[in-house]
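Worksheet for the structure shown next.
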Amino acid sequence: MLTRRSGLRAAFGASLGAGLLARPGAGFAAAPQRGGQVAAWYRFRLGGFECTVVSDGAIALAPPHPTFGAGVATPEQVEQALRAAFLATDSLPVQLNCLVVNTGRALILLDAGVGPQPLFGPGTGRIAQALRAAGIEPAEIDLVAFTHAHPDHSWGIADAAGADIFPNARYAITARDFAAWTDEAMLAQPAPIRDFVAGTRALFLPRRERFTLMPPGAELVPGIRAVPTPGHTIGHASFLLEDGGRRLLVLGDVANHHVLALRRPDWPFAFDSDPALAAETRRRTLEMAARERLELLAYHFPWPGLGHVEAAGQGYAWTPSPWTWG
Ligand SMILES: [Zn+2]
């Protein structure tokens, strides 16, 4: 029988596992395993804009089913889709890819991460460190614009004590999302919705005068426009960046996983406010991005979340953009 190990031996020879360095000398004394990671930032140009993706960390969605595919797919179908993509089947790590755009006139942050909130585990709250590593002081940010009011996109404006991380910034969000997620009546919803609303009210309402409420399709500044992509939340917006003949669509949560949401855009996502509208928006947006060969920044996709989609099977496939230097 060909076992995994005998298969490797057949491919690489009998020496596999013999342990060339099995007798450690002084140079092989046990070194401490350090853990941790770099503060993640990635810079690229879009026409005259200097863009920097900064990570607030990552959160884990578990279990994958029914987080994805509830009422439509079986747990086995979701597991099979993950296995086929070489991914773990018990939990989905999803990134928090925030984007800083320096237009030459303003420093704009698109989505702010979740911040140091225990709600999503210990892997978040890294945005200030990532910004500083990229040479950007949080106090320099002029405007923080949110795709929507969910905690993993908007709660990163405050530190653990509730103090401003971006003390000089104005905020922009669609009028519909601001109203929905600060609505006192929403506190009567079951968890986790009521917890999301309570936390968002605590952060947004004391800062109300710093908010600009966007109508659908609003232009933030020349070259950055909010595009209505409702469904995940009722006022959800994506951001279309255009400068010097180049374009980038900042998706937000139109698609939340680079395999499950693309391969099966029809599978509902547990945190979609209106699952049917979200699925329709997802398919329409991905179809447009594939047809127009539009580069995407996907908030929750593998770091740094830049890439393209193309039609594949019943949905789409993701091709990450190559890393560029300078
Ligand atoms: Zn999200």
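Simple scheme: letters A, B, ... for chains in structure tokens order, numbers from 1 for residues in each chain, numbers from 1 for ligands in the order shown.
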Who sits within 9 Å of range 108-113 of chain A, only C-alpha atoms, same chain under 4 positions skipped, as a PDB file with C-alpha atoms, in the first residue's frame:
```
ATOM      1  CA  SER A  55      -3.568  45.022   8.860  1.00  0.00           C
ATOM      2  CA  ASP A  56      -5.549  45.185  12.056  1.00  0.00           C
ATOM      3  CA  GLY A  57      -4.950  41.442  12.398  1.00  0.00           C
ATOM      4  CA  LEU A  96      -8.703  42.708   8.388  1.00  0.00           C
ATOM      5  CA  ASN A  97      -7.124  44.506   5.418  1.00  0.00           C
ATOM      6  CA  CYS A  98      -7.558  48.264   5.866  1.00  0.00           C
ATOM      7  CA  LEU A  99      -6.425  50.691   3.157  1.00  0.00           C
ATOM      8  CA  VAL A 100      -4.743  54.071   3.535  1.00  0.00           C
ATOM      9  CA  VAL A 101      -4.895  56.290   0.448  1.00  0.00           C
ATOM     10  CA  ASN A 102      -2.619  59.302   0.234  1.00  0.00           C
ATOM     11  CA  THR A 103      -4.145  61.314  -2.595  1.00  0.00           C
ATOM     12  CA  THR A 124      -6.863  42.135  16.435  1.00  0.00           C
ATOM     13  CA  GLY A 125      -6.043  45.727  17.418  1.00  0.00           C
ATOM     14  CA  ARG A 126      -2.866  45.997  15.367  1.00  0.00           C
ATOM     15  CA  ILE A 127      -3.718  48.911  13.092  1.00  0.00           C
ATOM     16  CA  ILE A 141      -5.307  60.505   9.148  1.00  0.00           C
ATOM     17  CA  ASP A 142      -7.760  63.144   7.832  1.00  0.00           C
ATOM     18  CA  LEU A 143     -10.752  60.930   7.125  1.00  0.00           C
ATOM     19  CA  VAL A 144     -11.840  57.423   8.070  1.00  0.00           C
ATOM     20  CA  ALA A 145     -14.528  56.116   5.702  1.00  0.00           C
ATOM     21  CA  PHE A 146     -16.358  52.898   6.493  1.00  0.00           C
ATOM     22  CA  THR A 147     -17.826  50.397   4.053  1.00  0.00           C
ATOM     23  CA  HIS A 148     -20.362  49.619   6.786  1.00  0.00           C
ATOM     24  CA  PRO A 151     -17.551  46.053  14.489  1.00  0.00           C
ATOM     25  CA  ASP A 152     -14.753  44.459  12.453  1.00  0.00           C
ATOM     26  CA  HIS A 153     -14.720  47.528  10.177  1.00  0.00           C
ATOM     27  CA  SER A 154     -15.543  50.408  12.503  1.00  0.00           C
ATOM     28  CA  TRP A 155     -14.657  49.693  16.116  1.00  0.00           C
ATOM     29  CA  GLY A 156     -10.939  50.153  15.405  1.00  0.00           C
ATOM     30  CA  ILE A 157     -11.342  53.929  15.767  1.00  0.00           C
ATOM     31  CA  ALA A 169     -10.026  62.467  11.599  1.00  0.00           C
ATOM     32  CA  PHE A 239     -15.186  52.325  -2.724  1.00  0.00           C
ATOM     33  CA  VAL A 250     -12.399  48.254  -2.355  1.00  0.00           C
ATOM     34  CA  GLY A 252     -15.662  45.648   1.906  1.00  0.00           C
ATOM     35  CA  TYR A 299     -11.090  43.175   3.252  1.00  0.00           C
TER      36      TYR A 299
END
```
Expected answer as number ranges by chain: helix (DSSP H, G or I) residues in range 91-202 of chain A: A: 118-120, 127-133, 138-140, 151-157, 175-181, 184-188, 193-202
d(CA of Glu79 in chain A, CA of Ala312 in chain A) in Å: 18.9 Å
Counting only C-alpha atoms, the residue of A:Glu209, A:Leu277, A:Arg282, A:Gly199 that sits nearest Leu187 in chain A: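 Comparing A:Glu209, A:Leu277, A:Arg282, A:Gly199 against Leu187 in chain A, the winner is A:Gly199.
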Strand (DSSP E) residues, from DSSP on the backbone, in range 14-89 of chain A, as a list of chain:residue names: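 Put together, the selection reads A:Trp41, A:Tyr42, A:Arg43, A:Phe44, A:Arg45, A:Leu46, A:Phe49, A:Glu50, A:Cys51, A:Thr52, A:Val53, A:Val54, A:Ser55, A:Asp56, A:Gly57, A:Ala58, A:Ile59, A:Ala60, A:Leu61.
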Spatial neighbours of range 289-298 of chain A, 7 Å, only C-alpha atoms, chain gap at least 3 places, as an MDAnalysis selection string: chainID A and resid 247:252 285:286 301 305:311
Near-Gly223 in chain A list (12 Å; only C-alpha atoms; drop same-chain fewer than 2 positions) as a ChimeraX atom specification: /A:46-49,101-106,108,218-221,225-226,239-249
Closest of A:Arg194, A:His257, A:Trp318, A:Ala279 to Leu87 in chain A - atom-to-atom distances counting only C-alpha atoms: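 So, comparing all the options, the nearest one is A:His257.
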